[in-house]
Every structure is written in structure tokens, then in C-alpha cells.
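Taking it in order: structure first as C-alpha cells, then the write-up.
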Amino acid sequence: MQPFTGSFTQQEPIPEDAISAAVEVMRSGRLHRYNTVGDELGAAAELEKAYAAYQGSKYCLACTSGGYAMQTALRALGIGAGDRVLTNGFTLAPVPGAIAGVGAEAVLVEITADLVLDLDDLEAKIKAVAPKAMLLSNMRGHLCDMDALCGVLETHGVPLIEDCAHTMGASWNGKKSGSFGIAGCFSTQTYKHLNSGEGGFLTSDDAEFIARAIMLSGSYMLYERHGAAPPAEVFTDIRLDTPNMSGRMDNLRASILLTQLSQLETNIDRWNARHDLIADRLRGVNSVYVPHRPEEERYVGSSFQFLMPDATPEMMQQVVHGAKALGVELKWFGADSPVGFTSNHQSWRYVPAQTLPKTDAILAGLLDMRIPLTFSLEDCAHVADIIAHVVGRVTQKGAA
């Protein structure tokens, strides 16, 4: 088997018009989002206006990261010390980190083999702990049945905040991810769907909620310089009652993102072509389960996951090492110790230890892989063939 020589961490270059826009901002010296003249909108305010229009939301706040957006959403909702917040048992560390950051306690919900929330366990946890909110993680771009989820949460009066770091541009039954609850939180970190190194958005249709978020982000009394904010009268008391917890996006990052936003829909199609090619090639491999994607879901396939439900830990390690020897980087979520960005709930010691037998069994056989747009379709076919080859070799050896 010929090794693969591509890089799983190499992103496409920033577009030339975005580079030109960034240079223009640097030449102006006006990098701070409120360093504007007269009635002009700086790049950060222009980006808020553009992203709100793309998302179909009334309001948008551009901030320093997706993690900051989540913490700010929780604070703006009034979540604080001792409150319990539901989230997925399978997610990345910034999600429970945001909950811990406001002094609240994460209550973890089991997942299914399709890597989405187990709604039966969700309802049981709601009845058991009376949570103040649900911080849903659309982990690795997998959307649960959003209609059913909202039905459960509405029945029990639990507000929803969506972590859409992996679902920017995705939708359920035609409704954009991030539009189902009081807030959507998005990331523009390098490995997400828009790239500014670090950055994020918080969107909402609730005027008082987003006004609190804007004040929390460090607007001082300059909230009228935002591109997608509620009217000034909404801030009358909120501006005096809300602490400044600075997390503003600057004009330099915003200028880089504005052009990329116009290319997002095209890039979603490109990601999905690559994802679907890999998924189709691996669905027929013995011992492999590729998570099901419902017809209602429009996903963004910027990463790929598959399960080996019957594999032992030794077999999983052999697959990871065998693939790496042939140039393919797989992340195993069932490892005893976190590696890089990969971790599971047992390594989050700031979260009370919880028993999640269903989730643990799934993570024990779960492998994950980035799909950068620097890969061609031929590259993706090569990667899929390497995975199939390594899995076949390991499972054949395990059966012997």
C-alpha cells in the first residue's frame, strides 16, 4: 500500500482579497473594533451584520473565540455558581470548560452510536437534576433530531444554547444550526469552517440576552457601533448592571473573515464531496460502522468518524499506529490519556465524575479524522483505501 503524504493540519491559504483587506486595516492602524471615525462601521461591525444575515438571526456578536461565546451565552442567560447545565458526554474540552468557567456544574448526557444525544437519557437527566440550561454540542458536525430535542426541552422549560463550532452552515429541516434555542455559538479557529486563527460569533433573536452579551464582551458604552445589535433603549439598564469581561473581536480578524464568509457555501459543498467519498468507501468494510446521517440533516463534512464496535483496545491502537505508518492521522477517543485535541469525559477532572456506560462503550471504538480542503478527491480515495487496508489487516489478525 502506497503511503499518503498529505498533511492533515494544512489549511488552504487565506484568500488574496482577505489578505488585501487585512493589509488595509493594518495600514489604517485602526485594529480596535471601536476605533472608527464618525458613522463608519469597522470590519468587526460589518462582519456582525453579514454573519447575522447569513445565519438568519436578528443579532450577532463577534468575539475572541467559540469558547468565549459559550461562556458569555451562559452568563447572559444568568447561569452561575452551583447551577447545573446539561451537555453531551461526547464533546471537546472547551464545552465543559465553558460551564466550569461560570461556576456551574456540567451534567453529561449519554450519546448514541450515531454520535448524537440520547434523548431518553436527556429526559431522565432533566428529571433527576432540574438543570438551568442545555449547552448542546453538535460534536464533529452531527445533529441530533432537533425537533425532538426542542420538544423535550420545551416540555421541561429548559433553555437551549447551541455549540455550533462544527456545524456552521449546517441545518435541520432547512433551519440553520444555531437557530433552535436562545443562542448559537460559533468558532472561527483555524480548523473550523472560517479561519481567523481564533475567533467566534454569538447569535440570537433575543434583544435583552444579546444586549447583556455585548456588554459582557467589553463594549463599554459603544454598543451602538455594533453591526447587528438591538436598539439603544434595550441597553438602558443592562449597560449599568452588566460587568465588562473583555472578549472583543478586532478589526484585523474580522477583515480576514468577511471574504471567507462569501465562500462558505461553496466550501461546504467541497467538504461534503470529500466526506461522502470516504464514507461511501468505508461503509462496506467489515467491522466498521459509519454513523447514519438523517435526510433532515444538512451537515458539513469537515471531519469524518467511524466506529469499530467489536475491536479491543489493542486492536484500536494497532489501527491508529498502522494508519499513521502509512501517513493517515486518526484520533482515538477511547484512549486512556488525552492526545492533542482529543479527550473524553474521564480526563475532565474539573467536572464531577459521572457514569456513562453507553458513551464509554461507543468512544472505545471511535476513530476521528480531519478532512482539510487541501485534500483532493483522489487524496480522499487514497486515505479511505489505507483505512480499509489497515482495518482489514488488524481485524483479520484479531480473528486468527
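Naming scheme: A, B, ... for chains in displayed order of the C-alpha cells; residues 1 onward per chain; ligands 1 onward as shown.
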
Report task. Identify, on the basis of only C-alpha atoms, every residue whose closest approach to A:Val290 does not exceed 8 Å; exclude the query and any residue fewer than 2 positions from it along the same chain; express the result as a ChimeraX atom specification. Result -> /A:279,282-283,288,292,305-307

Report task. Looking only at strand (DSSP E or B) from DSSP on the backbone, list the matching residues of stretch 293-385 of chain A as an NGL selection string. Result -> :A and (297-298 or 303-307 or 331-332 or 339 or 342 or 366-370)

Query raised in the report: Taking only C-alpha atoms into account, which of A:Val37, A:Ala45, A:Ile111, A:Ala50 comes nearest A:Leu356?
Result: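 With only C-alpha atoms as the atom set, the closest residue is A:Ile111.
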
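The closest residue to A:Val158, picked from A:Ile387, A:Ala211, A:Leu77, A:Cys144 and counting only C-alpha atoms, is A:Leu77.
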
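Checking A:Gly181, A:Pro313, A:Gly322, A:Pro230 one by one against A:Asp336, counting only C-alpha atoms, you find the shortest gap at A:Pro313.
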
Query raised in the report: Taking into account only C-alpha atoms, which residue in the set A:Thr155, A:Thr112, A:Asn286, A:Ser343 is nearest to A:Pro357?
Result: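 Counting only C-alpha atoms, the residue closest to A:Pro357 is A:Thr112.
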
Query - All alpha helix (DSSP H) positions in stretch 119-350 of chain A, as JSON, numbers by chain - result: {"A": [119, 120, 121, 122, 123, 124, 125, 126, 127, 128, 129, 146, 147, 148, 149, 150, 151, 152, 153, 154, 155, 156, 207, 208, 209, 210, 211, 212, 213, 214, 215, 216, 235, 236, 237, 238, 239, 240, 241, 251, 252, 253, 254, 255, 256, 257, 258, 259, 260, 261, 262, 263, 264, 265, 266, 267, 268, 269, 270, 271, 272, 273, 274, 275, 276, 277, 278, 279, 280, 281, 282, 313, 314, 315, 316, 317, 318, 319, 320, 321, 322, 323, 324, 325]}

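Minimum atom-to-atom distances from A:Gln354, A:Ser255, A:Thr342, A:Leu326 to A:His382 were compared using only C-alpha atoms, and the lowest value belongs to A:Leu326.
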
Report task. Do a neighbour search on A:Leu373 at 9 Å with only C-alpha atoms, toss out local chain neighbours closer than 5 positions, and write the hits as a VMD selection string. Result -> chain A and resid 10 to 12 267 270 to 271 274 302

Report task. For atom CA of A:Ser347 and atom CA of A:Leu330, quote the distance in Å rounded to one decimal. Result ->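 Interatomic distance, atom CA of A:Ser347 to atom CA of A:Leu330: 19.3 Å.
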